[in-house]
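Reading through the structure tokens given below for one structure.
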Amino acid sequence: MFPKNAWYVACTPDEIDAKPLGRRVCGESIAFYRPQEGQVAAVEDFCPHRGAALSLGQVCEGQLVCGYHGLVMGCNGKTVSMPGQRVGGFPAIRAYPVIERHGFIWVWPGDPALADPAKLHHLHWADSPDWAYGGGMYHIHCDYRLMVDNLMDLTHETYVHTTSIGQKEIDETPVNTKTVGEEVITSRFMNGVKAPPFWRANLRGNGLPDDQLVDRWQICHFSPPSHVMIEVGVALAGQGGYEAPDNQKVSSIVVDFITPETETTMWYFWGMARNFNVKDKNLTAQIKEGQGKVFAEDTAVLEAQQRNLTLYKNRKLLLLNIDAGGVQSRRIIDRLIAAEQASPTAEAAL
Amino acid sequence: MFPKNAWYVACTPDEIDAKPLGRRVCGESIAFYRPQEGQVAAVEDFCPHRGAALSLGQVCEGQLVCGYHGLVMGCNGKTVSMPGQRVGGFPAIRAYPVIERHGFIWVWPGDPALADPAKLHHLHWADSPDWAYGGGMYHIHCDYRLMVDNLMDLTHETYVHTTSIGQKEIDETPVNTKTVGEEVITSRFMNGVKAPPFWRANLRGNGLPDDQLVDRWQICHFSPPSHVMIEVGVALAGQGGYEAPDNQKVSSIVVDFITPETETTMWYFWGMARNFNVKDKNLTAQIKEGQGKVFAEDTAVLEAQQRNLTLYKNRKLLLLNIDAGGVQSRRIIDRLIAAEQASPTAEAAL
Amino acid sequence: MFPKNAWYVACTPDEIDAKPLGRRVCGESIAFYRPQEGQVAAVEDFCPHRGAALSLGQVCEGQLVCGYHGLVMGCNGKTVSMPGQRVGGFPAIRAYPVIERHGFIWVWPGDPALADPAKLHHLHWADSPDWAYGGGMYHIHCDYRLMVDNLMDLTHETYVHTTSIGQKEIDETPVNTKTVGEEVITSRFMNGVKAPPFWRANLRGNGLPDDQLVDRWQICHFSPPSHVMIEVGVALAGQGGYEAPDNQKVSSIVVDFITPETETTMWYFWGMARNFNVKDKNLTAQIKEGQGKVFAEDTAVLEAQQRNLTLYKNRKLLLLNIDAGGVQSRRIIDRLIAAEQASPTAEAAL
């Protein structure tokens, strides 16, 4: 179960630069491609002629040409032409609203009539010279909501990420969780603690001492359909924490776009946006490598959890205070799904 | 759905020379083996004692001996003996009519009473010193009828086999398709065209110029249950094309035996028979390598098509004029299946 | 179908020395671990918080700590604590009776109230300095009862293990099979035969001539739920065979613990206990290597048999005299299963 009337990250731009890409998003098989340099299009990955995968075809003169018998598919899902054929009566396939923005390709798998580009998640850091971004993608065998739970309850860092970002104070410090409109925010402030290895390195890199106590924060923002942005950082203790002046802190944003593939598999686009040492490409690569290891730890935990939930279908899980972030996020997701199912266009959207 | 009262290619002789072979054909699990040098037998791959796979056994003194407890199975599916046992009451397993001919092992998975060796597809080139043959086998995850469609509509060469045998004129030239008795023939004649790389090489090899325009032809012959023989060739332009004198042309036969394994998997025996430079073993190897690449391209397309058809079970496909070869071939297949189901021996055959 | 009120071998001690082990036994997902050195515990591999796999966690200060959010699980399946939580109302998970004995970890997947350690299979050789043991474990894709059949009918040695322990006399010599209480014994005595390679080597190793005729025996003991111990050996011919004085024979025990994982998969703990050259670690390693090859031959046969039985679900198999060992063993298994299903605690046990 996933909302379909929403913008999801489908892929990164480099995945479609050289040739079309076939990828399932929210159960829909979609061929993504570039009609022209700088453009992007998305249609069902199903040739109306004989059902071949259009993503195995090529782009010629701005059109996607089926790699089986040369049917020329338009960006709107209508067949443009086919050698030796009149194509007027060919059934259309679905075309999906798709946008390239903020360094990602976004797709709207639901009702195209509702696809408002203005609803696309804004990333203030994405196009700013003051920020640097690095990230990767994992294909994970679990319900996408398990990843939302994971990211909205960072107490798991103490146990899953022991050697990098975990520290005992995380699960000793209670979180505060609230829903504000369609956003869920869960925050934790740990004052006067030792900085873990990741942050000590970044303090040094920013010209700050790495051997003093710090105020550390984690502010997780869920927004539909399933994006989680986490503000993280440390300031020298007593300087105001999250509100400390820039020269007393280092901070960044953990970026998580969670895209359902099927009911029990997902695409995980992860990364980090930072506003310090933004020109240091080695640092970008280092952070990416470190995050890659951290999220691989999550992957192992989540896939085992999914296997358990599949095996024990009817067992009830606990909803504790630390789960409030996930619970409130799922409430928003459920509300969106219910609204879609009640809507008169629901059928068209499925 | 496949006709079972028919001769299918089960394997090549070398696959059973050293030991028995277990292979499913039309859903039947069969053990193929040589009771004596030069002989071939086929029985259900199921020991009546405890269900072991007979194909894991050995041939001893002309009999297939189960590799589990030594039951000796006769070519007729009746147990011959077993150490320490009276076997008179042992239930028989199925024995399958099987013939080695034309360089292949052929099996009749249906009603043995109907298995007439005279019905076996005749290959005039197979035992002639004027012809050479080379080929291979692929296991493909698709309904065998998708491969029939593929081979009966060569417009796909322009798109799937761009670098070897494809050329734009193929899908610019209409085909002519007709059903003659139980055979479907679809032909395309392209006159005054440039020869593609494969044919230029063969023109040279045959002492003909490779830089002149040629008349090219493709004549696909479908015959039940699912064999497709394709006459292909080029003649120097204006010399009569297909009818040109032998010293003005080069030609060969693309050989395709398509054997269903299950409803959605198949064995594909592919190759080429040619009547030029027949003693050139290097050429045989070169052609086989080239064909292997070409058919691997088809495999990728067909397996993606099958995944799509499985996912979109109820979507109707188009039937265009270029599909006529496949459509008429499937009509014959459907008629054979219907006849088998109506027949009083149908139950025995299943 | 398997009895659940029984002691099964779950793993070997080394598998849980470094960290917890997740393993399914009789369909139950279980986390095995050592609360303290020398202790062993087993609980459902399912964290009551969010369903994470407890086996991915760590043991800290004698408790299993969930690797996701730090829930501390007690050996009795009750949550001990969790950071920042009151755990009194947390639902309990199952705890399984588990014992380390005779070099194995044993688990009782059924009703804990019935788990009497005195019922655990006694291995007289396991803790004796006069015996040596070596063995391994295979995960096999077949119903565990196919392995019981296999081991209770050694005529298969002639066919499956041709080059090591098989010899023609095995299936020429009839077996005697009887059920004694809950044990099935099937024995074969081959007098005045040539010793096969395995035994010739051991005769030499024991200072006995290897070129004389021997009396060979195989006595298979099945005991519930699915253990098979096979007494095997040779004595110089005419010295009393199985009853010959120790200096005239060599003998050992083939050890087989067969643990169902699911209905069609199993864990196979195999090995050999011997009372000769017990300090020769090279010999232990050699025997283990040899047995590993022998049981890999069985694995291939059994997995193919399982595939056949899955494909031909309704076909009846033969029950011959040589199958008596398997048949009588299955009768005991069936009786135990029926008793469990009739028992008022059955529901609790499932």
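Labels used: A, B, ... for chains in the order of the structure tokens, numbers from 1 for residues in each chain, and numbers from 1 for ligands as shown.
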
Open item on the list: Counting only C-alpha atoms, a student should be able to say which residues of chain A come within 12 Å of chain B; what is the right answer, written as a PyMOL selection string?
Closed with: chain A and resi 22+24+27-30+44-60+65-72+82-87+89-93

Open item on the list: Env of region 224-228 of chain A: 6 Å cut, atoms = only C-alpha atoms, seq-sep filter 4 positions within chain, self excluded. Answer as a list in words.
Closed with: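 So, after excluding close chain neighbours, the residues are Asp256, Phe257 and Ile258 of chain A.
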
Could you write out the selected residues, including C-alpha atoms, as an mmCIF file, in the first residue's frame?
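Written file, result_38.cif:
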```cif
data_model
loop_
_atom_site.group_PDB
_atom_site.id
_atom_site.type_symbol
_atom_site.label_atom_id
_atom_site.label_comp_id
_atom_site.auth_asym_id
_atom_site.auth_seq_id
_atom_site.Cartn_x
_atom_site.Cartn_y
_atom_site.Cartn_z
ATOM 1 C CA ASP A 256 16.500 9.821 2.349
ATOM 2 C CA PHE A 257 14.138 9.280 -0.542
ATOM 3 C CA ILE A 258 12.248 6.035 -0.125
#
```

TODO: Per DSSP on the backbone, filter region 6-78 of chain B down to the residues in helix (DSSP H, G or I) and report them as JSON, numbers by chain.
DONE: {"B": [13, 14, 15, 16, 54, 55, 56]}

Task: C:Glu261, C:Ile253, C:Gly325, C:Asp17 ranked by distance to Arg188 (chain C), top pick (using only C-alpha atoms) - done: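 Smallest separation from Arg188 (chain C) among the options: C:Gly325.
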
- [ ] Give me the residues within 8 Å of region 116-124 of chain B as a VMD selection string, counting only C-alpha atoms and dropping any in the same chain fewer than 3 places off.
- [x] chain B and resid 7 99 102 127 to 128

Would you export the selected residues with C-alpha atoms as a CSV table (one decimal), in the first residue's frame, please?
```csv
chain,number,residue,atom,x,y,z
B,7,TRP,CA,8.2,-34.9,-32.7
B,99,ILE,CA,14.5,-41.3,-32.6
B,102,HIS,CA,19.5,-35.6,-38.9
B,127,ASP,CA,22.8,-36.0,-44.2
B,128,SER,CA,24.2,-34.5,-47.4
```

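CA of Val214 (chain A) is positioned 24.1 Å from CA of Asp280 (chain A).
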
Open item on the list: List the spatial neighbours of region 176-178 of chain B as a list in words - criterion: any atom at most 8 Å away, only C-alpha atoms, same-chain residues fewer than 6 positions off excluded.
Closed with: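 Contacts, in chain order: Val184, Ile185, Thr186, Ser187, Arg188, Ala324, Gly325 and Gln328 of chain B.
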
- [ ] Run DSSP on the backbone and give me the residues of region 128-337 of chain A it puts in strand (DSSP E), as a PyMOL selection string.
- [x] chain A and resi 132-140+176-180+183-193+214-223+227-236+249-262+265-274

TODO: Please provide the set of residues having any atom within 12 Å of Pro196 (chain B), restricted to only C-alpha atoms, with same-chain residues fewer than 3 positions apart removed, written as a PyMOL selection string.
DONE: chain B and resi 157-158+161-170+193+199-203+210-216+233-234

Task: 10 Å contact set for Trp125 (chain B), only C-alpha atoms, chain neighbours under 5 positions out, as a list of chain:residue names - done: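 Residues near the query, excluding close chain neighbours: B:His102, B:Asp130, B:Trp131, B:Ala132, B:Tyr133, B:Ile253, B:Ala273, B:Arg274, B:Asn275.
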
Those same residues - C-alpha atoms - I'd like them written as an mmCIF file, in the first residue's frame.
```cif
data_model
loop_
_atom_site.group_PDB
_atom_site.id
_atom_site.type_symbol
_atom_site.label_atom_id
_atom_site.label_comp_id
_atom_site.auth_asym_id
_atom_site.auth_seq_id
_atom_site.Cartn_x
_atom_site.Cartn_y
_atom_site.Cartn_z
ATOM 1 C CA HIS B 102 19.455 -35.643 -38.854
ATOM 2 C CA ASP B 130 26.968 -30.746 -49.966
ATOM 3 C CA TRP B 131 25.858 -29.067 -46.779
ATOM 4 C CA ALA B 132 27.509 -28.070 -43.486
ATOM 5 C CA TYR B 133 25.729 -27.424 -40.203
ATOM 6 C CA ILE B 253 19.047 -22.070 -43.959
ATOM 7 C CA ALA B 273 22.889 -25.111 -42.618
ATOM 8 C CA ARG B 274 24.805 -23.838 -45.630
ATOM 9 C CA ASN B 275 25.794 -25.233 -49.030
#
```

TODO: Please provide as a PyMOL selection string all residues within 9 Å of Thr265 (chain C), with the sequence filter that same-chain residues fewer than 2 positions apart are discarded (counting only C-alpha atoms).
DONE: chain C and resi 139-144+259-263+267

Task: Atom pair CA of Met272 (chain C) / CA of Ser252 (chain C): separation (Å) - done: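 Taking CA of Met272 (chain C) and CA of Ser252 (chain C), their separation equals 6.9 Å.
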